[in-house]
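Text of my_file_13.txt (compact mmCIF, C-alpha atoms) as supplied:
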```txt
# COMPACT_ATOMS: atom_id res chain seq x y z
CA TYR D 1 100.94 108.93 103.37
CA GLU D 2 98.65 111.97 103.25
CA ALA D 3 97.54 111.04 99.71
CA VAL D 4 96.34 107.56 100.74
CA HIS D 5 95.62 107.43 104.49
CA HIS D 6 91.89 108.02 103.87
CA CYS D 7 91.69 105.37 101.13
CA THR D 8 90.48 101.81 101.45
CA MET D 9 93.16 99.13 101.59
CA HIS D 10 92.11 98.01 98.09
CA ASP D 11 92.66 101.51 96.72
CA VAL D 12 96.01 101.87 98.51
CA ILE D 13 97.22 98.62 96.95
CA VAL D 14 96.11 99.72 93.47
CA ARG D 15 97.63 103.21 93.85
CA THR D 16 100.94 102.09 95.30
CA THR D 17 101.55 98.94 93.26
CA GLY D 18 99.76 99.68 89.99
CA LEU D 19 98.19 96.21 90.13
CA THR D 20 95.02 95.61 88.15
CA ASP D 21 94.74 91.84 88.65
CA GLU D 22 91.97 91.46 91.22
CA LEU D 23 93.30 88.06 92.36
CA LYS D 24 96.70 89.58 93.21
CA ILE D 25 95.00 92.52 94.92
CA GLU D 26 92.82 90.12 96.94
CA GLU D 27 95.94 88.15 97.91
CA MET D 28 97.52 91.33 99.25
CA LEU D 29 94.28 92.26 101.07
CA LEU D 30 94.21 88.87 102.79
CA TYR D 31 97.86 89.27 103.76
CA GLY D 32 97.02 92.69 105.20
CA MET D 33 94.30 91.18 107.41
CA GLN D 34 96.83 89.07 109.26
CA PRO D 35 97.96 90.36 112.66
CA PHE D 36 100.77 92.88 112.51
CA ALA D 37 104.26 91.84 113.51
CA ALA D 38 105.05 92.29 117.19
CA ASP D 39 107.84 94.74 116.38
CA ARG D 40 105.62 96.96 114.21
CA GLU D 41 105.78 100.68 114.88
CA TYR D 42 102.38 102.19 115.61
CA PRO D 43 101.37 105.82 115.15
CA ALA D 44 101.55 107.97 118.24
CA MET D 45 98.37 108.47 120.24
CA PRO D 46 97.14 112.06 119.81
CA ALA D 47 97.51 114.09 123.01
CA GLY D 48 94.22 114.21 124.91
CA ALA D 49 92.63 111.33 122.97
CA PRO D 50 92.21 108.84 125.84
CA GLU D 51 90.54 111.40 128.10
CA ALA D 52 88.33 112.75 125.28
CA VAL D 53 87.07 109.27 124.37
CA ARG D 54 86.42 108.42 128.02
CA LEU D 55 84.49 111.66 128.58
CA LEU D 56 82.43 111.22 125.41
CA SER D 57 81.54 107.64 126.35
CA GLU D 58 80.00 108.84 129.62
CA THR D 59 77.30 110.76 127.72
CA TYR D 60 77.12 109.39 124.18
CA LYS D 61 77.07 106.09 122.31
CA LEU D 62 80.34 105.80 120.44
CA GLY D 63 81.06 104.09 117.15
CA ILE D 64 84.13 103.99 114.97
CA VAL D 65 84.23 103.90 111.17
CA THR D 66 87.61 103.25 109.59
CA SER D 67 89.21 102.08 106.37
CA ARG D 68 91.27 99.63 108.44
CA THR D 69 90.40 95.98 108.31
CA LYS D 70 88.23 94.79 111.19
CA ALA D 71 91.10 92.89 112.84
CA HIS D 72 93.24 96.04 113.03
CA ILE D 73 90.78 98.62 114.31
CA PHE D 74 91.96 98.55 117.92
CA GLU D 75 95.40 97.07 117.32
CA GLY D 76 98.41 98.64 118.94
CA PRO D 77 99.67 99.06 122.47
CA GLU D 78 97.89 102.38 123.04
CA PHE D 79 94.81 101.77 120.89
CA GLY D 80 93.58 98.55 122.50
CA GLN D 81 92.38 100.51 125.54
CA PHE D 82 89.67 102.16 123.42
CA GLU D 83 87.66 99.10 122.41
CA LYS D 84 85.63 99.09 125.63
CA TYR D 85 84.27 102.57 124.86
CA PHE D 86 82.82 101.78 121.42
CA GLN D 87 79.47 100.03 120.94
CA ALA D 88 79.96 99.72 117.16
CA ALA D 89 83.07 99.31 115.00
CA ILE D 90 82.83 99.39 111.20
CA GLY D 91 85.87 98.27 109.22
CA TYR D 92 86.74 98.03 105.56
CA GLN D 93 85.06 94.69 104.92
CA ASP D 94 81.75 95.62 106.56
CA THR D 95 80.40 97.59 103.59
CA LYS D 96 80.48 97.46 99.82
CA ASN D 97 81.02 101.21 99.55
CA HIS D 98 83.67 103.10 101.51
CA LYS D 99 84.23 106.69 102.61
CA PRO D 100 83.51 109.25 101.20
CA HIS D 101 80.37 107.23 100.45
CA PRO D 102 77.98 107.46 103.44
CA GLU D 103 77.30 103.68 103.68
CA PRO D 104 79.79 102.87 106.48
CA LEU D 105 78.64 105.83 108.61
CA LEU D 106 74.99 104.91 108.11
CA LEU D 107 75.71 101.30 109.09
CA CYS D 108 77.42 102.51 112.26
CA ALA D 109 74.50 104.78 113.16
CA SER D 110 72.11 101.89 112.58
CA GLN D 111 74.15 99.59 114.86
CA LEU D 112 74.08 102.29 117.54
CA GLY D 113 70.31 102.66 117.15
CA LEU D 114 70.65 106.30 116.10
CA LYS D 115 69.31 108.40 113.24
CA PRO D 116 72.02 110.09 111.14
CA GLU D 117 70.91 113.55 112.27
CA GLU D 118 71.56 112.46 115.87
CA CYS D 119 75.20 111.71 115.08
CA ALA D 120 78.40 113.75 115.02
CA TYR D 121 81.26 112.18 113.09
CA VAL D 122 84.85 113.04 114.04
CA GLY D 123 87.31 112.51 111.21
CA ASP D 124 90.80 113.50 110.18
CA ALA D 125 90.41 113.81 106.39
CA ALA D 126 88.27 115.71 103.91
CA THR D 127 86.74 112.39 102.82
CA ASP D 128 85.46 111.91 106.39
CA ILE D 129 83.64 115.24 106.22
CA GLN D 130 82.26 114.37 102.78
CA ALA D 131 80.95 111.04 104.13
CA ALA D 132 79.36 112.70 107.17
CA THR D 133 77.70 115.35 105.01
CA ALA D 134 76.39 112.71 102.59
CA ALA D 135 75.06 110.70 105.55
CA GLY D 136 73.26 113.73 107.00
CA MET D 137 75.50 113.89 110.07
CA LYS D 138 77.23 116.79 111.78
CA SER D 139 81.00 116.63 111.66
CA ILE D 140 84.17 117.66 113.43
CA LEU D 141 87.45 117.69 111.54
CA TYR D 142 90.47 116.79 113.67
CA ALA D 143 93.16 118.54 111.63
CA ILE D 144 95.23 121.64 111.30
CA LYS D 145 93.61 122.64 107.97
CA SER D 146 89.89 123.11 107.45
CA ALA D 147 87.69 121.06 105.13
CA HIS D 148 84.58 122.32 103.40
CA GLY D 149 81.41 121.35 105.22
CA ALA D 150 82.83 120.52 108.66
CA SER D 151 80.69 121.78 111.53
CA TYR D 152 83.88 122.43 113.54
CA VAL D 153 87.63 122.07 113.03
CA THR D 154 90.07 121.45 115.86
CA SER D 155 93.67 120.37 116.22
CA SER D 156 93.09 119.47 119.87
CA PHE D 157 91.54 116.14 120.85
CA ALA D 158 90.84 117.60 124.28
CA GLU D 159 88.45 120.09 122.66
CA ILE D 160 86.33 117.41 120.94
CA PRO D 161 83.98 116.62 123.88
CA LYS D 162 83.06 120.32 124.14
CA LEU D 163 82.42 120.54 120.40
CA VAL D 164 80.26 117.40 120.42
CA SER D 165 78.27 118.87 123.30
CA GLN D 166 77.72 122.07 121.30
CA LEU D 167 76.56 120.04 118.29
CA ALA D 168 74.15 118.06 120.46
CA LYS D 169 72.43 121.31 121.45
CA HIS D 170 71.58 122.11 117.80
```

Rewritten as structure tokens:
Amino acid sequence: YEAVHHCTMHDVIVRTTGLTDELKIEEMLLYGMQPFAADREYPAMPAGAPEAVRLLSETYKLGIVTSRTKAHIFEGPEFGQFEKYFQAAIGYQDTKNHKPHPEPLLLCASQLGLKPEECAYVGDAATDIQAATAAGMKSILYAIKSAHGASYVTSSFAEIPKLVSQLAKH
């Protein structure tokens, strides 16, 4: 999972199946855009995430950039509660280029009416930090290990609002 969780769905299909036929890959992509089964297991919500997102939304415009398909961004029993806090949501199919390319982050900033240097991107993979750096944004890595170029690294979602506030002062 760690080797592919930052990849686009297209790249995951290619890496895990070895397919090269673009029609077959597209067929799998379309299948993946269908709603998940009701009995699907969802990842656990990180401790402190709901409160951190709520606090951030009181002061900042929030956007989300993900390699998930648009239909799945806020899917899941715990994740649906977040949609109301985000003014922009960029999914896999919204851009030609994907993280670590800066295009999806720049599109999100544009939809929020912000310049890249006014943004702080919170990500959980080195490719997120690479994308933020390439876009000219500050970054916070939510992880146990550090990644080159991150403005801050934290393993606590509850700490993210404080870190964003510190970045906003610079």

Practice prompt. Provide the atom CA of Tyr85 of chain D to atom CA of Lys61 of chain D distance in Å, to one decimal place.
Written response: 8.4 Å

Fill in: Pick from D:Val153, D:Phe82, D:Lys115, D:Ala143, whichever lies nearest to Leu56 of chain D using only C-alpha atoms
D:Phe82

Contacts of segment 99-110 of chain D at 12 Å or less, counting all atoms listed in the file, minus same-chain residues fewer than 6 places along, as a compact mmCIF listing (two decimals) with C-alpha atoms, keeping the file's coordinate frame?
```txt
# COMPACT_ATOMS: atom_id res chain seq x y z
CA HIS D 5 95.62 107.43 104.49
CA HIS D 6 91.89 108.02 103.87
CA CYS D 7 91.69 105.37 101.13
CA THR D 8 90.48 101.81 101.45
CA MET D 9 93.16 99.13 101.59
CA ASP D 11 92.66 101.51 96.72
CA LYS D 61 77.07 106.09 122.31
CA LEU D 62 80.34 105.80 120.44
CA GLY D 63 81.06 104.09 117.15
CA ILE D 64 84.13 103.99 114.97
CA VAL D 65 84.23 103.90 111.17
CA THR D 66 87.61 103.25 109.59
CA SER D 67 89.21 102.08 106.37
CA ARG D 68 91.27 99.63 108.44
CA PHE D 86 82.82 101.78 121.42
CA GLN D 87 79.47 100.03 120.94
CA ALA D 88 79.96 99.72 117.16
CA ALA D 89 83.07 99.31 115.00
CA ILE D 90 82.83 99.39 111.20
CA GLY D 91 85.87 98.27 109.22
CA TYR D 92 86.74 98.03 105.56
CA GLN D 93 85.06 94.69 104.92
CA PRO D 116 72.02 110.09 111.14
CA GLU D 117 70.91 113.55 112.27
CA GLU D 118 71.56 112.46 115.87
CA CYS D 119 75.20 111.71 115.08
CA ALA D 120 78.40 113.75 115.02
CA TYR D 121 81.26 112.18 113.09
CA VAL D 122 84.85 113.04 114.04
CA GLY D 123 87.31 112.51 111.21
CA ALA D 125 90.41 113.81 106.39
CA ALA D 126 88.27 115.71 103.91
CA THR D 127 86.74 112.39 102.82
CA ASP D 128 85.46 111.91 106.39
CA ILE D 129 83.64 115.24 106.22
CA GLN D 130 82.26 114.37 102.78
CA ALA D 131 80.95 111.04 104.13
CA ALA D 132 79.36 112.70 107.17
CA THR D 133 77.70 115.35 105.01
CA ALA D 134 76.39 112.71 102.59
CA ALA D 135 75.06 110.70 105.55
CA GLY D 136 73.26 113.73 107.00
CA MET D 137 75.50 113.89 110.07
CA LYS D 138 77.23 116.79 111.78
CA SER D 139 81.00 116.63 111.66
```

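Taking only C-alpha atoms into account, Arg54 of chain D lies nearest to D:Gln81 out of the set D:Gln81, D:Leu114, D:Gly149, D:Tyr142.
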
Can you report as lines of an AutoDock Vina configuration file the centre and edge lengths in Å, to one decimal, of an axis-aligned box around the listed atoms of segment 129-133 of chain D padded with 6 Å on each side?
```
center_x = 80.7
center_y = 113.2
center_z = 105.0
size_x = 17.9
size_y = 16.3
size_z = 16.4
```

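Taking all atoms listed in the file, the non-local environment of Val14 of chain D within 12 Å (same-chain residues fewer than 4 positions away omitted) comprises Val4, Cys7, Thr8, Met9, His10, Gly18, Leu19, Thr20, Asp21, Glu22, Lys24, Ile25, Glu26, Met28 and Leu29 of chain D.
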
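In this model, the gap between atom CA of Thr59 of chain D and atom CA of His98 of chain D comes to 28.0 Å.
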
Worksheet item: Using all atoms listed in the file, which residues sit within 9 Å of Val53 of chain D once same-chain residues fewer than 4 positions away are excluded, as number ranges by chain?
Response: D: 48-49, 57-58, 62, 82, 85, 157, 160-161

Discussion item. To one decimal place in Å, what is the distance between atom CA of Ile140 of chain D and atom CA of Ser165 of chain D?
Written reply: 11.6 Å

Discussion item. Measuring between all atoms listed in the file, which one of D:Asp124, D:Gly113, D:Thr95, D:Pro46 shows the shortest distance to Ser156 of chain D?
Written reply: D:Pro46

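If you measure from each of D:Ala150, D:Ile144, D:Leu167, D:Met45 to Pro77 of chain D using only C-alpha atoms, the closest one turns out to be D:Met45.
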
Item to complete: Could you give me, as number ranges by chain, the residues within 10 Å of Ala44 of chain D, counting all atoms listed in the file and dropping anything in the same chain fewer than 4 positions from it?
Response: D: 76, 78-79
